[in-house]
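Working notes for the structure below.
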Amino acid sequence: MAAPMELSCWGGDWGLPSLHPESLTVMAYAKFSGAPLTVNTINNSWRAPKGDLPVLVSEDTVISQPAKILNFLRKQKYNADYDLSAKQGADTLAYIALLEEKLLPALLHTFWVEAENYCSVTKPWFASRIAFPLRLYLPGKMSREALNRILLTKGGPPLYSLTEVEAQIYRDAKECLNLLSKRLGTSQFFFGDTPTTLDAFVFGFLAPIYKVCFPRVQLQEHLKQLPNLCRFCDDILTCYFRLTVSGRSPAGQDTADANLQKLTQLVNKESNLIEKMDDNLRRSPQHPPRKLTTLKLAAGGEESSPMSRLSP
Amino acid sequence: SSLSTAAEPWPENAALYQQLKEEQILLSDNASSLAVQAFLQMCNLPIRVICRANAEYMSPSGKLPFIHVGNQVVSELGPIVQFVKAKGHSLSDGLDEVQKAEMKAYMELVNNMLLTAELYLQWCDDVTVEEITHPRYGSPYPWPLNRILSYQKQWEVRRKMKAIGWAGKTLEQVLEDVDQCCHALSQRLGTQPYFFNKQPTELDALVFGHLFTILTTQLITDELSEKVKNYSNLTAFCRRIEQQYFEGHDKDCSTIAARSSKRSLLR
């Protein structure tokens with residue numbers, strides 16, 4: 001809780017804090033759970049990305065995959081899933097699996113394999129943010145890895161050519177988008193009014209498709225026909241990333257933001273201390289157990305459920 | 001054409017092909033085959049199980065099991081569900097759109113975590129590979145073909161594991177993932193008889209196929225089956241489906257004369 005945490009990830013453009021789905025997922029989760037992360041976007045410096053991004057560094061621990069980073073944050077008491085029932089937690093895992101199996105291949109394809117997109121948008125963008133001479137090698141490597149992953153997981157008979165594989169993965173992705181839209185319906189987030197891990201993952205996968213301007217955009221066009229998903233992405237961008245839809249962060253909001261975050265941290269710390277005291281008391285038989293809620297940063301920055309204090 | 005296949009009724013001689021049950025078939029293929037069998041049983045469509053050593057090569061996608069119905073050959077549960085639906089049988093018609101989305105998500109969870117864990121265990125865990133997988137996979141073939149084929153398959157599977165980021169996992173981490181998946185399935189099932197309450201769907205068939213196989217297959221250690229046994233509603237679920245859809249049905253392999261010892265749930 002007290003140790004500073006630093007997240008290294010890919011930067012953003014087109015109104016997004018990051019172009020990279022995994023980096024975006026972690027950033028969104030941090031905002032939802034109120035975790036104070038210092039975000040370092042990779043830029044044209046010699047601190048070259050070692051291995052896969054995003055990477056979280058806290059004191060001596062280095063953690064690298066989104067699922068593991070989120071687990072770490074939860075252990076540090078930054079838990080966006082506090083109010084979820086066990087069944088909703090199970091649903092979260094299932095929908096994340098759906099995203100990885102059905103949507104990710106097409107996302108990778110749009111960014112890294114589709115020739116026009118890769119050459120005119122993805123490669124120059126990533127290359128401009130990596131130091132020379134790594135920039136000559138790394139984007140190509142990421143592209144090859146993406147194609148490899150697609151072919152190994154989705155290729156193979158009866159799909160014999162790359163075009164057939166592509167057709168299949170885009171069909172799967174469009175179906176996945178339809179399923180997500182049906183599941184979201186008219187709610188603000190997937191599990192009611194506060195965002196959770198699932199919202200972070202869906203946002204991480206959808207926002208790049210939604211916002212990045214590619215020459216070949218069949219997936220984006222399909223997504224734009226699902227207005228509730230578009231509204232979902234825009235809501236998160238305006239509420240949690242304090243970016244207007246055009247991408248500029250309004251001045252003066254930053255200090256208010258920082259103060260609110262500090263307040264949330266203090267309150268969370270207090271509630272953690274009280275939880276510990278509560279645990280001790282619970283073990284002694286004469287005191288009845290009390291339930292505590294932690295303060296969460298809800299949409300618009302207002303405090304949600306009030307904290308119940310222990311009375312001696 | 002799909003129109004003509006839809007018109008034809010389900011024939012009596014429909015067959016499901018898998019590898020040889022006693023000597024050859026591996027954990028993951030057995031699970032997939034059982035899932036399809038359960039699905040067809042739930043749809044009340046008769047099917048004979050035929051075991052062939054070269055079943056993998058007969059399959060149109062290289063994956064097992066596959067079914068031979070009329071003059072159509074379809075492999076893997078997903079396409080088989082679609083095929084059966086085109087013939088007018090479906091288990092998930094009664095679900096609303098949100099439930100269908102949920103069902104598909106949970107099926108991906110099983111494929112993503114359970115099936116991948118089974119593949120990891122049988123092809124990436126050195127002890128299991130040496131003692132179980134290699135001997136079984138190559139058993140119908142003479143030396144050196146048996147070794148060559150199983151090394152080839154192992155290389156293929158390890159490549160895929162590397163591409164999806166599982167190559168770096170330890171066995172403990174894989175078992176953790178299995179536990180997480182079982183926990184999610186257990187929570188979702190709760191106290192209901194099936195995942196969508198009263199009627200089974202393809203999700204129930206898929207979960208049954210994998211969990212039952214894990215519970216009844218003897219591996220080097222019991223760690224995998226112990227993970228499933230921790231959840232009593234899942235073992236009860238498997239027992240219920242076994243009793244309802246598999247007991248009293250003849251499921252002989254045509255290459256095995258006598259009925260092999262019945263696999264029933266232990267303890």
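Residue names in the structure tokens use chain letters A, B, ... in the order shown, residue numbers from 1 in each chain, and ligand numbers from 1 in the order shown.
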
Within 8 Å of chain A: each chain B residue with its shortest pair, only C-alpha atoms, as a Markdown table:
| residue | atom | partner | partner_atom | distance |
| --- | --- | --- | --- | --- |
| B:Pro60 | CA | A:Pro158 | CA | 6.2 |
| B:Ser61 | CA | A:Pro157 | CA | 4.6 |
| B:Gly62 | CA | A:Pro157 | CA | 6.8 |
| B:Glu97 | CA | A:Lys182 | CA | 6.6 |
| B:Val98 | CA | A:Arg183 | CA | 5.2 |
| B:Ala101 | CA | A:Leu179 | CA | 5.2 |
| B:Glu102 | CA | A:Asp91 | CA | 7.5 |
| B:Lys104 | CA | A:Leu98 | CA | 7.5 |
| B:Ala105 | CA | A:Leu98 | CA | 5.0 |
| B:Tyr106 | CA | A:Ala94 | CA | 4.8 |
| B:Met107 | CA | A:Ala94 | CA | 7.8 |
| B:Glu108 | CA | A:Leu98 | CA | 5.4 |
| B:Leu109 | CA | A:Ala94 | CA | 4.9 |
| B:Asn112 | CA | A:Ala97 | CA | 6.2 |
| B:Arg159 | CA | A:Leu152 | CA | 7.8 |
| B:Lys160 | CA | A:Leu152 | CA | 5.7 |
| B:Ala163 | CA | A:Arg149 | CA | 5.1 |
| B:Ile164 | CA | A:Arg149 | CA | 6.7 |
| B:Cys181 | CA | A:Leu93 | CA | 7.9 |
| B:His183 | CA | A:Ala90 | CA | 7.6 |
| B:Ala184 | CA | A:Ala90 | CA | 4.2 |
| B:Leu185 | CA | A:Ala90 | CA | 6.9 |
| B:Gln187 | CA | A:Lys87 | CA | 5.3 |
| B:Arg188 | CA | A:Lys87 | CA | 5.2 |

Residues from the last selection, N, CA and C atoms, saved as an mmCIF file, in the first residue's frame:
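This went into result.cif:
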data_model
loop_
_atom_site.group_PDB
_atom_site.id
_atom_site.type_symbol
_atom_site.label_atom_id
_atom_site.label_comp_id
_atom_site.auth_asym_id
_atom_site.auth_seq_id
_atom_site.Cartn_x
_atom_site.Cartn_y
_atom_site.Cartn_z
ATOM 1 N N PRO B 60 -11.293 -34.451 -40.649
ATOM 2 C CA PRO B 60 -11.077 -33.352 -41.586
ATOM 3 C C PRO B 60 -10.265 -32.209 -41.013
ATOM 4 N N SER B 61 -10.243 -32.057 -39.683
ATOM 5 C CA SER B 61 -9.479 -30.948 -39.128
ATOM 6 C C SER B 61 -8.254 -31.435 -38.367
ATOM 7 N N GLY B 62 -8.040 -32.751 -38.345
ATOM 8 C CA GLY B 62 -6.917 -33.272 -37.579
ATOM 9 C C GLY B 62 -7.217 -33.374 -36.107
ATOM 10 N N GLU B 97 -30.887 -14.324 -25.090
ATOM 11 C CA GLU B 97 -29.632 -13.887 -25.708
ATOM 12 C C GLU B 97 -28.503 -13.767 -24.685
ATOM 13 N N VAL B 98 -28.843 -13.216 -23.507
ATOM 14 C CA VAL B 98 -27.796 -13.042 -22.497
ATOM 15 C C VAL B 98 -27.301 -14.394 -22.021
ATOM 16 N N ALA B 101 -24.980 -15.893 -24.542
ATOM 17 C CA ALA B 101 -23.660 -15.272 -24.465
ATOM 18 C C ALA B 101 -22.871 -15.891 -23.317
ATOM 19 N N GLU B 102 -23.565 -16.070 -22.177
ATOM 20 C CA GLU B 102 -22.911 -16.651 -21.015
ATOM 21 C C GLU B 102 -22.454 -18.064 -21.306
ATOM 22 N N LYS B 104 -21.677 -19.428 -24.166
ATOM 23 C CA LYS B 104 -20.518 -19.436 -25.052
ATOM 24 C C LYS B 104 -19.265 -19.019 -24.289
ATOM 25 N N ALA B 105 -19.415 -18.051 -23.388
ATOM 26 C CA ALA B 105 -18.256 -17.596 -22.627
ATOM 27 C C ALA B 105 -17.714 -18.729 -21.759
ATOM 28 N N TYR B 106 -18.616 -19.462 -21.077
ATOM 29 C CA TYR B 106 -18.150 -20.550 -20.221
ATOM 30 C C TYR B 106 -17.545 -21.679 -21.028
ATOM 31 N N MET B 107 -18.061 -21.906 -22.241
ATOM 32 C CA MET B 107 -17.440 -22.945 -23.081
ATOM 33 C C MET B 107 -16.025 -22.531 -23.457
ATOM 34 N N GLU B 108 -15.830 -21.241 -23.728
ATOM 35 C CA GLU B 108 -14.467 -20.782 -24.028
ATOM 36 C C GLU B 108 -13.579 -20.921 -22.801
ATOM 37 N N LEU B 109 -14.154 -20.705 -21.623
ATOM 38 C CA LEU B 109 -13.360 -20.846 -20.398
ATOM 39 C C LEU B 109 -12.840 -22.273 -20.276
ATOM 40 N N ASN B 112 -10.199 -22.735 -22.947
ATOM 41 C CA ASN B 112 -9.045 -21.908 -22.668
ATOM 42 C C ASN B 112 -8.237 -22.455 -21.497
ATOM 43 N N ARG B 159 4.969 -25.740 -29.430
ATOM 44 C CA ARG B 159 4.974 -24.482 -30.181
ATOM 45 C C ARG B 159 3.738 -23.663 -29.858
ATOM 46 N N LYS B 160 2.621 -24.353 -29.831
ATOM 47 C CA LYS B 160 1.370 -23.647 -29.546
ATOM 48 C C LYS B 160 1.369 -23.100 -28.124
ATOM 49 N N ALA B 163 3.286 -19.968 -28.053
ATOM 50 C CA ALA B 163 2.612 -18.826 -28.680
ATOM 51 C C ALA B 163 1.564 -18.210 -27.764
ATOM 52 N N ILE B 164 0.911 -19.054 -26.933
ATOM 53 C CA ILE B 164 -0.121 -18.482 -26.072
ATOM 54 C C ILE B 164 0.398 -18.172 -24.681
ATOM 55 N N CYS B 181 -10.405 -22.444 -12.617
ATOM 56 C CA CYS B 181 -11.469 -22.770 -13.569
ATOM 57 C C CYS B 181 -12.552 -23.587 -12.880
ATOM 58 N N HIS B 183 -13.241 -23.690 -9.736
ATOM 59 C CA HIS B 183 -13.914 -22.826 -8.782
ATOM 60 C C HIS B 183 -15.003 -22.027 -9.474
ATOM 61 N N ALA B 184 -14.646 -21.462 -10.650
ATOM 62 C CA ALA B 184 -15.620 -20.670 -11.399
ATOM 63 C C ALA B 184 -16.799 -21.547 -11.829
ATOM 64 N N LEU B 185 -16.511 -22.744 -12.345
ATOM 65 C CA LEU B 185 -17.591 -23.636 -12.784
ATOM 66 C C LEU B 185 -18.480 -24.017 -11.608
ATOM 67 N N GLN B 187 -18.975 -22.334 -8.827
ATOM 68 C CA GLN B 187 -19.787 -21.190 -8.420
ATOM 69 C C GLN B 187 -20.959 -21.004 -9.365
ATOM 70 N N ARG B 188 -20.681 -21.159 -10.657
ATOM 71 C CA ARG B 188 -21.733 -20.919 -11.629
ATOM 72 C C ARG B 188 -22.814 -22.000 -11.543
#

Residues near Val36 (chain B), anyone? I mean within 12 Å using only C-alpha atoms, not counting same-chain ones fewer than 5 positions away, as a CSV table (one decimal) with all heavy atoms, in the first residue's frame.
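Result file follows (result-v4.csv):
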chain,number,residue,atom,x,y,z
B,15,ALA,N,-21.9,-42.6,-36.8
B,15,ALA,CA,-20.7,-43.1,-36.1
B,15,ALA,C,-19.8,-42.0,-35.6
B,15,ALA,O,-19.7,-41.0,-36.2
B,15,ALA,CB,-19.9,-44.0,-37.0
B,16,LEU,N,-19.2,-42.2,-34.4
B,16,LEU,CA,-18.3,-41.3,-33.9
B,16,LEU,C,-16.9,-42.0,-33.9
B,16,LEU,O,-16.8,-43.1,-33.4
B,16,LEU,CB,-18.7,-40.9,-32.5
B,16,LEU,CG,-17.7,-39.9,-31.7
B,16,LEU,CD1,-18.5,-39.0,-30.8
B,16,LEU,CD2,-16.7,-40.7,-30.9
B,17,TYR,N,-15.9,-41.4,-34.4
B,17,TYR,CA,-14.6,-42.0,-34.4
B,17,TYR,C,-13.6,-41.3,-33.4
B,17,TYR,O,-13.6,-40.1,-33.3
B,17,TYR,CB,-14.0,-41.8,-35.8
B,17,TYR,CG,-14.6,-42.7,-36.9
B,17,TYR,CD1,-15.8,-42.3,-37.4
B,17,TYR,CD2,-14.0,-43.9,-37.2
B,17,TYR,CE1,-16.4,-43.2,-38.4
B,17,TYR,CE2,-14.6,-44.7,-38.2
B,17,TYR,CZ,-15.8,-44.3,-38.7
B,17,TYR,OH,-16.4,-45.2,-39.7
B,18,GLN,N,-12.9,-42.2,-32.7
B,18,GLN,CA,-11.9,-41.7,-31.8
B,18,GLN,C,-10.7,-42.7,-31.8
B,18,GLN,O,-10.8,-43.7,-32.5
B,18,GLN,CB,-12.4,-41.6,-30.4
B,18,GLN,CG,-12.8,-43.0,-29.8
B,18,GLN,CD,-13.2,-42.9,-28.3
B,18,GLN,OE1,-13.9,-41.9,-27.9
B,18,GLN,NE2,-12.8,-43.9,-27.6
B,29,ASP,N,-8.1,-35.9,-25.7
B,29,ASP,CA,-8.9,-36.4,-26.8
B,29,ASP,C,-10.1,-37.2,-26.2
B,29,ASP,O,-11.2,-37.2,-26.7
B,29,ASP,CB,-8.1,-37.3,-27.7
B,29,ASP,CG,-7.2,-36.5,-28.6
B,29,ASP,OD1,-7.5,-35.4,-28.9
B,29,ASP,OD2,-6.1,-37.0,-28.9
B,30,ASN,N,-9.8,-37.9,-25.1
B,30,ASN,CA,-10.9,-38.7,-24.4
B,30,ASN,C,-11.9,-37.7,-23.9
B,30,ASN,O,-13.2,-38.0,-24.0
B,30,ASN,CB,-10.3,-39.4,-23.3
B,30,ASN,CG,-11.1,-40.7,-22.9
B,30,ASN,OD1,-12.1,-40.9,-23.6
B,30,ASN,ND2,-10.7,-41.4,-21.9
B,31,ALA,N,-11.5,-36.6,-23.3
B,31,ALA,CA,-12.4,-35.6,-22.8
B,31,ALA,C,-13.3,-35.0,-23.9
B,31,ALA,O,-14.5,-34.9,-23.8
B,31,ALA,CB,-11.6,-34.4,-22.1
B,41,GLN,N,-26.1,-37.8,-26.7
B,41,GLN,CA,-27.0,-38.5,-25.9
B,41,GLN,C,-28.1,-37.5,-25.4
B,41,GLN,O,-29.3,-37.8,-25.3
B,41,GLN,CB,-26.3,-39.0,-24.7
B,41,GLN,CG,-25.5,-40.3,-24.9
B,41,GLN,CD,-26.4,-41.4,-25.2
B,41,GLN,OE1,-27.5,-41.5,-24.8
B,41,GLN,NE2,-25.9,-42.4,-26.0
B,42,MET,N,-27.7,-36.3,-25.0
B,42,MET,CA,-28.6,-35.3,-24.5
B,42,MET,C,-29.7,-34.9,-25.6
B,42,MET,O,-30.8,-34.6,-25.2
B,42,MET,CB,-27.9,-34.1,-24.0
B,42,MET,CG,-27.2,-34.3,-22.7
B,42,MET,SD,-26.1,-32.9,-22.3
B,42,MET,CE,-25.3,-33.5,-20.9
B,43,CYS,N,-29.2,-34.9,-26.8
B,43,CYS,CA,-30.1,-34.6,-27.9
B,43,CYS,C,-30.9,-35.8,-28.3
B,43,CYS,O,-31.8,-35.7,-29.2
B,43,CYS,CB,-29.3,-34.2,-29.2
B,43,CYS,SG,-28.5,-32.6,-29.0
B,45,LEU,N,-29.9,-38.5,-29.9
B,45,LEU,CA,-29.5,-38.9,-31.2
B,45,LEU,C,-28.5,-40.1,-31.1
B,45,LEU,O,-27.5,-40.0,-30.4
B,45,LEU,CB,-28.7,-37.8,-32.0
B,45,LEU,CG,-29.6,-36.5,-32.2
B,45,LEU,CD1,-28.7,-35.4,-32.8
B,45,LEU,CD2,-30.7,-36.9,-33.3
B,46,PRO,N,-28.9,-41.2,-31.7
B,46,PRO,CA,-28.1,-42.4,-31.5
B,46,PRO,C,-26.7,-42.3,-32.2
B,46,PRO,O,-26.7,-41.8,-33.3
B,46,PRO,CB,-28.9,-43.5,-32.1
B,46,PRO,CG,-29.8,-42.8,-33.1
B,46,PRO,CD,-30.0,-41.5,-32.6
B,47,ILE,N,-25.7,-42.8,-31.6
B,47,ILE,CA,-24.4,-42.8,-32.2
B,47,ILE,C,-23.6,-44.0,-31.8
B,47,ILE,O,-23.7,-44.4,-30.6
B,47,ILE,CB,-23.6,-41.5,-31.8
B,47,ILE,CG1,-22.4,-41.3,-32.7
B,47,ILE,CG2,-23.2,-41.4,-30.4
B,47,ILE,CD1,-22.5,-40.2,-33.7
B,48,ARG,N,-22.8,-44.6,-32.7
B,48,ARG,CA,-22.0,-45.7,-32.4
B,48,ARG,C,-20.6,-45.1,-32.2
B,48,ARG,O,-20.1,-44.3,-33.0
B,48,ARG,CB,-21.9,-46.7,-33.5
B,48,ARG,CG,-23.0,-47.6,-33.7
B,48,ARG,CD,-22.8,-48.6,-34.8
B,48,ARG,NE,-22.4,-47.9,-36.1
B,48,ARG,CZ,-21.6,-48.4,-37.0
B,48,ARG,NH1,-21.0,-49.6,-36.8
B,48,ARG,NH2,-21.3,-47.7,-38.1
B,49,VAL,N,-19.8,-45.6,-31.3
B,49,VAL,CA,-18.4,-45.2,-31.1
B,49,VAL,C,-17.5,-46.2,-31.8
B,49,VAL,O,-17.6,-47.4,-31.4
B,49,VAL,CB,-18.1,-45.0,-29.6
B,49,VAL,CG1,-16.6,-44.6,-29.5
B,49,VAL,CG2,-18.9,-44.0,-28.9
B,64,LEU,N,-9.9,-34.5,-32.9
B,64,LEU,CA,-10.9,-35.5,-32.6
B,64,LEU,C,-11.9,-35.1,-31.5
B,64,LEU,O,-11.5,-34.2,-30.7
B,64,LEU,CB,-10.1,-36.8,-32.1
B,64,LEU,CG,-9.4,-37.4,-33.2
B,64,LEU,CD1,-8.4,-38.5,-32.7
B,64,LEU,CD2,-10.3,-38.1,-34.3
B,65,PRO,N,-13.1,-35.6,-31.4
B,65,PRO,CA,-13.5,-36.7,-32.3
B,65,PRO,C,-14.2,-36.1,-33.6
B,65,PRO,O,-14.4,-34.9,-33.7
B,65,PRO,CB,-14.6,-37.4,-31.4
B,65,PRO,CG,-15.2,-36.3,-30.7
B,65,PRO,CD,-14.1,-35.3,-30.4
B,66,PHE,N,-14.5,-37.0,-34.5
B,66,PHE,CA,-15.3,-36.6,-35.6
B,66,PHE,C,-16.5,-37.5,-35.8
B,66,PHE,O,-16.4,-38.7,-35.4
B,66,PHE,CB,-14.5,-36.4,-36.9
B,66,PHE,CG,-14.0,-37.7,-37.5
B,66,PHE,CD1,-14.7,-38.4,-38.4
B,66,PHE,CD2,-12.7,-38.2,-37.1
B,66,PHE,CE1,-14.2,-39.6,-39.0
B,66,PHE,CE2,-12.2,-39.4,-37.7
B,66,PHE,CZ,-13.0,-40.0,-38.6
B,67,ILE,N,-17.6,-37.1,-36.3
B,67,ILE,CA,-18.7,-37.9,-36.6
B,67,ILE,C,-19.0,-38.1,-38.0
B,67,ILE,O,-18.7,-37.2,-38.8
B,67,ILE,CB,-20.0,-37.4,-35.9
B,67,ILE,CG1,-20.4,-36.0,-36.4
B,67,ILE,CG2,-19.9,-37.4,-34.4
B,67,ILE,CD1,-21.7,-35.5,-35.9
B,74,VAL,N,-18.0,-34.4,-39.8
B,74,VAL,CA,-17.8,-33.1,-39.0
B,74,VAL,C,-17.0,-33.4,-37.8
B,74,VAL,O,-17.2,-34.4,-37.1
B,74,VAL,CB,-19.2,-32.6,-38.5
B,74,VAL,CG1,-19.0,-31.2,-38.0
B,74,VAL,CG2,-20.2,-32.6,-39.7
B,75,SER,N,-16.0,-32.6,-37.5
B,75,SER,CA,-15.2,-32.8,-36.3
B,75,SER,C,-15.3,-31.7,-35.3
B,75,SER,O,-15.6,-30.5,-35.7
B,75,SER,CB,-13.7,-33.0,-36.7
B,75,SER,OG,-13.2,-31.8,-37.3
B,76,GLU,N,-15.0,-32.0,-34.1
B,76,GLU,CA,-15.0,-31.1,-32.9
B,76,GLU,C,-16.4,-30.6,-32.5
B,76,GLU,O,-17.3,-30.4,-33.3
B,76,GLU,CB,-14.1,-29.8,-33.2
B,76,GLU,CG,-12.7,-30.2,-33.4
B,76,GLU,CD,-11.8,-29.0,-33.7
B,76,GLU,OE1,-11.5,-28.3,-32.7
B,76,GLU,OE2,-11.5,-28.7,-34.8
B,77,LEU,N,-16.5,-30.3,-31.2
B,77,LEU,CA,-17.8,-30.1,-30.6
B,77,LEU,C,-18.5,-28.9,-31.2
B,77,LEU,O,-19.7,-29.0,-31.6
B,77,LEU,CB,-17.7,-29.9,-29.1
B,77,LEU,CG,-19.0,-29.7,-28.3
B,77,LEU,CD1,-19.9,-30.9,-28.4
B,77,LEU,CD2,-18.7,-29.3,-26.9
B,78,GLY,N,-17.8,-27.8,-31.4
B,78,GLY,CA,-18.4,-26.6,-32.0
B,78,GLY,C,-19.1,-26.8,-33.3
B,78,GLY,O,-20.4,-26.6,-33.4
B,79,PRO,N,-18.4,-27.3,-34.3
B,79,PRO,CA,-19.0,-27.6,-35.6
B,79,PRO,C,-20.1,-28.6,-35.5
B,79,PRO,O,-21.1,-28.6,-36.2
B,79,PRO,CB,-17.9,-28.0,-36.5
B,79,PRO,CG,-16.7,-27.4,-35.9
B,79,PRO,CD,-16.9,-27.3,-34.4
B,80,ILE,N,-19.9,-29.6,-34.6
B,80,ILE,CA,-20.9,-30.7,-34.5
B,80,ILE,C,-22.2,-30.1,-33.9
B,80,ILE,O,-23.3,-30.5,-34.4
B,80,ILE,CB,-20.4,-31.8,-33.6
B,80,ILE,CG1,-19.3,-32.6,-34.3
B,80,ILE,CG2,-21.5,-32.8,-33.2
B,80,ILE,CD1,-18.6,-33.7,-33.5
B,81,VAL,N,-22.1,-29.2,-33.0
B,81,VAL,CA,-23.3,-28.5,-32.4
B,81,VAL,C,-24.1,-27.8,-33.5
B,81,VAL,O,-25.3,-27.9,-33.6
B,81,VAL,CB,-23.0,-27.6,-31.3
B,81,VAL,CG1,-24.1,-26.7,-30.9
B,81,VAL,CG2,-22.5,-28.3,-30.1
B,84,VAL,N,-25.7,-30.3,-35.9
B,84,VAL,CA,-26.9,-30.9,-35.3
B,84,VAL,C,-28.0,-29.9,-35.3
B,84,VAL,O,-29.2,-30.3,-35.5
B,84,VAL,CB,-26.6,-31.4,-33.9
B,84,VAL,CG1,-27.8,-31.7,-33.1
B,84,VAL,CG2,-25.7,-32.7,-34.0
B,201,THR,N,-27.4,-28.4,-21.6
B,201,THR,CA,-27.0,-27.7,-22.8
B,201,THR,C,-25.7,-28.3,-23.2
B,201,THR,O,-25.1,-29.1,-22.6
B,201,THR,CB,-26.9,-26.2,-22.7
B,201,THR,OG1,-25.9,-26.0,-21.7
B,201,THR,CG2,-28.2,-25.6,-22.3
B,202,GLU,N,-25.1,-27.7,-24.4
B,202,GLU,CA,-23.8,-28.2,-24.8
B,202,GLU,C,-22.7,-27.8,-23.8
B,202,GLU,O,-21.7,-28.5,-23.7
B,202,GLU,CB,-23.5,-27.6,-26.2
B,202,GLU,CG,-23.8,-26.1,-26.4
B,202,GLU,CD,-25.1,-25.9,-27.0
B,202,GLU,OE1,-26.1,-26.6,-26.7
B,202,GLU,OE2,-25.2,-25.0,-27.9
B,203,LEU,N,-23.0,-26.8,-23.0
B,203,LEU,CA,-22.0,-26.5,-21.9
B,203,LEU,C,-21.9,-27.6,-20.9
B,203,LEU,O,-20.8,-28.0,-20.5
B,203,LEU,CB,-22.4,-25.2,-21.2
B,203,LEU,CG,-21.6,-24.8,-20.0
B,203,LEU,CD1,-20.1,-24.6,-20.4
B,203,LEU,CD2,-22.1,-23.6,-19.3
B,204,ASP,N,-23.1,-28.2,-20.5
B,204,ASP,CA,-23.0,-29.3,-19.6
B,204,ASP,C,-22.3,-30.5,-20.2
B,204,ASP,O,-21.5,-31.1,-19.5
B,204,ASP,CB,-24.5,-29.7,-19.2
B,204,ASP,CG,-25.3,-28.6,-18.6
B,204,ASP,OD1,-25.2,-28.5,-17.4
B,204,ASP,OD2,-26.0,-27.9,-19.3
B,205,ALA,N,-22.5,-30.7,-21.5
B,205,ALA,CA,-21.8,-31.8,-22.2
B,205,ALA,C,-20.3,-31.6,-22.1
B,205,ALA,O,-19.5,-32.5,-21.8
B,205,ALA,CB,-22.3,-32.0,-23.6
B,206,LEU,N,-19.9,-30.4,-22.4
B,206,LEU,CA,-18.5,-30.1,-22.5
B,206,LEU,C,-17.8,-30.2,-21.1
B,206,LEU,O,-16.8,-30.8,-21.0
B,206,LEU,CB,-18.3,-28.7,-23.0
B,206,LEU,CG,-16.8,-28.2,-23.2
B,206,LEU,CD1,-16.1,-29.1,-24.3
B,206,LEU,CD2,-16.8,-26.8,-23.6
B,207,VAL,N,-18.5,-29.6,-20.1
B,207,VAL,CA,-17.9,-29.7,-18.8
B,207,VAL,C,-17.9,-31.1,-18.3
B,207,VAL,O,-16.9,-31.6,-17.7
B,207,VAL,CB,-18.8,-28.8,-17.8
B,207,VAL,CG1,-18.3,-29.0,-16.4
B,207,VAL,CG2,-18.7,-27.4,-18.2
B,208,PHE,N,-18.9,-31.9,-18.5
B,208,PHE,CA,-19.0,-33.3,-18.1
B,208,PHE,C,-17.8,-34.0,-18.8
B,208,PHE,O,-17.1,-34.8,-18.1
B,208,PHE,CB,-20.3,-33.9,-18.5
B,208,PHE,CG,-20.3,-35.4,-18.4
B,208,PHE,CD1,-20.4,-36.0,-17.1
B,208,PHE,CD2,-20.2,-36.3,-19.5
B,208,PHE,CE1,-20.3,-37.4,-17.0
B,208,PHE,CE2,-20.2,-37.6,-19.4
B,208,PHE,CZ,-20.3,-38.2,-18.1
B,209,GLY,N,-17.6,-33.9,-20.1
B,209,GLY,CA,-16.6,-34.6,-20.8
B,209,GLY,C,-15.2,-34.4,-20.2
B,209,GLY,O,-14.5,-35.3,-19.9
B,210,HIS,N,-14.9,-33.1,-19.9
B,210,HIS,CA,-13.6,-32.9,-19.3
B,210,HIS,C,-13.5,-33.3,-17.8
B,210,HIS,O,-12.5,-34.0,-17.5
B,210,HIS,CB,-13.3,-31.4,-19.4
B,210,HIS,CG,-12.9,-31.0,-20.8
B,210,HIS,ND1,-11.5,-31.1,-21.2
B,210,HIS,CD2,-13.6,-30.5,-21.8
B,210,HIS,CE1,-11.5,-30.7,-22.5
B,210,HIS,NE2,-12.7,-30.4,-22.9

Just asking: which residues within region 16-259 of chain A are strand (DSSP E) according to DSSP, as a list in words? Leu37, Thr38, Val39, Asn40, Thr41, Val55, Leu56, Val57, Ser58, Thr61, Val62 and Ile63 of chain A

Which of these residues is nearest to Tyr82 (chain A), using only C-alpha atoms: A:Pro195, A:Phe232, A:Gln218, A:Leu138?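 That would be A:Pro195, the residue with the smallest distance to Tyr82 (chain A).
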
Minimum-distance residue to Ala236 (chain B), chosen among B:Leu215, B:Ile220, B:Met103, B:Val110 (using only C-alpha atoms):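 The answer is B:Leu215, which sits nearest to Ala236 (chain B).
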
Can you tell me which residues surround Ile25 (chain B) at a distance of at most 12 Å, considering only C-alpha atoms, apart from same-chain residues fewer than 3 positions away, and format the answer as a ChimeraX atom specification? /B:17-22,28-34,51-56,64-65,122,132-140,213,217

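Every protein or nucleic acid residue with an atom no more than 10 Å from Leu24 (chain A), counting only C-alpha atoms and leaving out same-chain residues fewer than 3 positions away, appears here: Cys9, Trp10, Gly11, Gly12, Leu16, Pro17, Ser18, Leu19, His20, Pro21, Met27, Ala28, Tyr29, Ala30, Pro54, Pro66, Ala200, Phe201, Val202, Phe203, Gly204, Phe205, Leu206, Ala207 and Pro208 of chain A.
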
DSSP on the backbone, then: every residue of region 134-251 of chain A marked alpha helix (DSSP H), written as an NGL selection string. :A and (138-154 or 162-184 or 197-211 or 218-224 or 227-240)
